[in-house]
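First the structure, in the form of structure tokens, and then the observations on it.
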Amino acid sequence: MATEVQKFTQAAGYKPLEDRCIIVKYAPENLSEQITAFFNSEFYVLQMCEHEIILLPFNTTWGNLRKDVSLVLPYGDIQWVELKDDMLNTVITIRTESDTIRLTTQQAELSDLRSSGIYASIYSGFFKNWHKENLDGTLKALTELGNN
């Protein structure tokens, strides 16, 4: 895991799980939103913690993490998690009793050439892409959440 992500998570009062962080964006609902989302550079680190999932936003101007937590989702609130491949991305749908949260993450195979690889390597050196390394394990751990 990127030490910077771990530091931000701990500073915010959460206990990060090792190798359970990936780069995500909010997923568009339809084709119109997909077009505008293409130009949207709002990326987040999805970090699985001891008792919750948190999203840490990146600064869109500088590409560094902002010292902020934009979403906290306790595991007990999650009813189910579904994954669906969508072209070069995977859509993560998280259902709670009161809401549905849709995120998208770039698949590992091309992430070295895409935004997720760039953001991930900023915090670990240009030869290490923690998004790619963590993706399969994080997605599997997400699907195991919920009250199925």
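Each chain in the structure tokens gets a letter, A, B and so on, in the order shown; residues start at 1 in every chain, and ligands are counted from 1 in the order they appear.
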Residues within 9 Å of region 89-97 of chain A, only C-alpha atoms, excluding chain neighbours under 3 positions, as a PyMOL selection string: chain A and resi 27+77-86+100-108+139+142+146
Selection to disk with N, CA, C and O atoms, as an mmCIF file, in the first residue's frame:
data_model
loop_
_atom_site.group_PDB
_atom_site.id
_atom_site.type_symbol
_atom_site.label_atom_id
_atom_site.label_comp_id
_atom_site.auth_asym_id
_atom_site.auth_seq_id
_atom_site.Cartn_x
_atom_site.Cartn_y
_atom_site.Cartn_z
ATOM 1 N N ALA A 27 -19.341 6.417 -10.888
ATOM 2 C CA ALA A 27 -19.728 5.856 -12.188
ATOM 3 C C ALA A 27 -20.883 6.645 -12.790
ATOM 4 O O ALA A 27 -21.852 6.966 -12.097
ATOM 5 N N ASP A 77 -23.605 -1.258 7.190
ATOM 6 C CA ASP A 77 -24.646 -0.629 6.369
ATOM 7 C C ASP A 77 -24.757 -1.241 4.976
ATOM 8 O O ASP A 77 -25.707 -0.976 4.254
ATOM 9 N N ILE A 78 -23.791 -2.054 4.586
ATOM 10 C CA ILE A 78 -23.749 -2.592 3.227
ATOM 11 C C ILE A 78 -24.608 -3.843 3.131
ATOM 12 O O ILE A 78 -24.438 -4.796 3.896
ATOM 13 N N GLN A 79 -25.565 -3.814 2.191
ATOM 14 C CA GLN A 79 -26.415 -4.977 1.959
ATOM 15 C C GLN A 79 -25.788 -5.936 0.951
ATOM 16 O O GLN A 79 -25.833 -7.140 1.125
ATOM 17 N N TRP A 80 -25.244 -5.386 -0.126
ATOM 18 C CA TRP A 80 -24.546 -6.210 -1.124
ATOM 19 C C TRP A 80 -23.663 -5.348 -2.008
ATOM 20 O O TRP A 80 -23.846 -4.144 -2.095
ATOM 21 N N VAL A 81 -22.699 -6.003 -2.650
ATOM 22 C CA VAL A 81 -21.790 -5.351 -3.585
ATOM 23 C C VAL A 81 -21.780 -6.187 -4.863
ATOM 24 O O VAL A 81 -21.653 -7.409 -4.812
ATOM 25 N N GLU A 82 -21.912 -5.503 -5.999
ATOM 26 C CA GLU A 82 -21.918 -6.184 -7.289
ATOM 27 C C GLU A 82 -20.841 -5.569 -8.177
ATOM 28 O O GLU A 82 -20.643 -4.349 -8.173
ATOM 29 N N LEU A 83 -20.156 -6.401 -8.950
ATOM 30 C CA LEU A 83 -19.149 -5.954 -9.902
ATOM 31 C C LEU A 83 -19.629 -6.271 -11.313
ATOM 32 O O LEU A 83 -20.208 -7.333 -11.540
ATOM 33 N N LYS A 84 -19.373 -5.347 -12.231
ATOM 34 C CA LYS A 84 -19.753 -5.576 -13.623
ATOM 35 C C LYS A 84 -18.708 -4.922 -14.523
ATOM 36 O O LYS A 84 -18.429 -3.726 -14.387
ATOM 37 N N ASP A 85 -18.139 -5.704 -15.431
ATOM 38 C CA ASP A 85 -17.177 -5.140 -16.374
ATOM 39 C C ASP A 85 -17.905 -4.256 -17.374
ATOM 40 O O ASP A 85 -18.975 -4.604 -17.874
ATOM 41 N N ASP A 86 -17.308 -3.102 -17.649
ATOM 42 C CA ASP A 86 -17.860 -2.135 -18.592
ATOM 43 C C ASP A 86 -16.714 -1.605 -19.436
ATOM 44 O O ASP A 86 -16.018 -0.673 -19.037
ATOM 45 N N THR A 100 -27.776 3.693 -3.183
ATOM 46 C CA THR A 100 -26.940 2.888 -4.074
ATOM 47 C C THR A 100 -25.775 3.765 -4.514
ATOM 48 O O THR A 100 -25.972 4.869 -5.019
ATOM 49 N N ILE A 101 -24.565 3.270 -4.312
ATOM 50 C CA ILE A 101 -23.353 4.006 -4.673
ATOM 51 C C ILE A 101 -22.696 3.255 -5.815
ATOM 52 O O ILE A 101 -22.418 2.057 -5.704
ATOM 53 N N ARG A 102 -22.470 3.960 -6.922
ATOM 54 C CA ARG A 102 -21.843 3.350 -8.092
ATOM 55 C C ARG A 102 -20.490 4.008 -8.321
ATOM 56 O O ARG A 102 -20.401 5.215 -8.492
ATOM 57 N N LEU A 103 -19.470 3.174 -8.312
ATOM 58 C CA LEU A 103 -18.109 3.630 -8.556
ATOM 59 C C LEU A 103 -17.561 2.874 -9.760
ATOM 60 O O LEU A 103 -18.039 1.790 -10.083
ATOM 61 N N THR A 104 -16.559 3.425 -10.393
ATOM 62 C CA THR A 104 -15.901 2.725 -11.487
ATOM 63 C C THR A 104 -14.409 2.727 -11.232
ATOM 64 O O THR A 104 -13.858 3.694 -10.690
ATOM 65 N N THR A 105 -13.770 1.629 -11.584
ATOM 66 C CA THR A 105 -12.329 1.511 -11.414
ATOM 67 C C THR A 105 -11.721 0.971 -12.699
ATOM 68 O O THR A 105 -12.340 0.180 -13.402
ATOM 69 N N GLN A 106 -10.536 1.438 -13.007
ATOM 70 C CA GLN A 106 -9.875 1.016 -14.233
ATOM 71 C C GLN A 106 -9.280 -0.374 -14.040
ATOM 72 O O GLN A 106 -8.634 -0.651 -13.036
ATOM 73 N N GLN A 107 -9.518 -1.253 -15.017
ATOM 74 C CA GLN A 107 -9.032 -2.618 -14.930
ATOM 75 C C GLN A 107 -7.507 -2.653 -14.924
ATOM 76 O O GLN A 107 -6.837 -1.768 -15.460
ATOM 77 N N ALA A 108 -6.961 -3.678 -14.322
ATOM 78 C CA ALA A 108 -5.522 -3.773 -14.077
ATOM 79 C C ALA A 108 -4.679 -3.833 -15.345
ATOM 80 O O ALA A 108 -3.597 -3.250 -15.393
ATOM 81 N N LEU A 139 -11.310 -6.035 -4.969
ATOM 82 C CA LEU A 139 -12.613 -6.328 -5.553
ATOM 83 C C LEU A 139 -13.210 -7.589 -4.941
ATOM 84 O O LEU A 139 -14.409 -7.637 -4.647
ATOM 85 N N LEU A 142 -14.454 -6.720 -1.487
ATOM 86 C CA LEU A 142 -15.698 -5.931 -1.563
ATOM 87 C C LEU A 142 -16.908 -6.814 -1.794
ATOM 88 O O LEU A 142 -17.964 -6.616 -1.177
ATOM 89 N N GLY A 146 -21.554 -7.456 3.013
ATOM 90 C CA GLY A 146 -23.015 -7.392 2.907
ATOM 91 C C GLY A 146 -23.701 -8.505 3.646
ATOM 92 O O GLY A 146 -23.099 -9.446 4.141
#
Within 12 Å of Asp19 (chain A) using only C-alpha atoms, minus same-chain residues under 6 positions, as number ranges by chain: A: 1-3, 5-6, 46-49, 129-139, 141
Kindly give the distance, in Å, that separates CA of Pro74 (chain A) and CA of Phe43 (chain A), rounded to a single decimal.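 Calculated distance between CA of Pro74 (chain A) and CA of Phe43 (chain A) is 20.8 Å.
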Report as an MDAnalysis selection string all protein, DNA and RNA residues lying within 9 Å of Asn59 (chain A), evaluated on only C-alpha atoms, omitting residues in the same chain fewer than 5 positions from it. chainID A and resid 42:43 64:66
Two-atom distance - CA of Lys25 (chain A), CA of Asp99 (chain A) (Å):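 That distance, rounded to one decimal, is 17.1 Å.
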Using only C-alpha atoms, which protein or nucleic acid residues come within 8 Å of Glu52 (chain A)? Drop anything in the same chain fewer than 6 positions from it, and give the result as a ChimeraX atom specification. /A:72-75
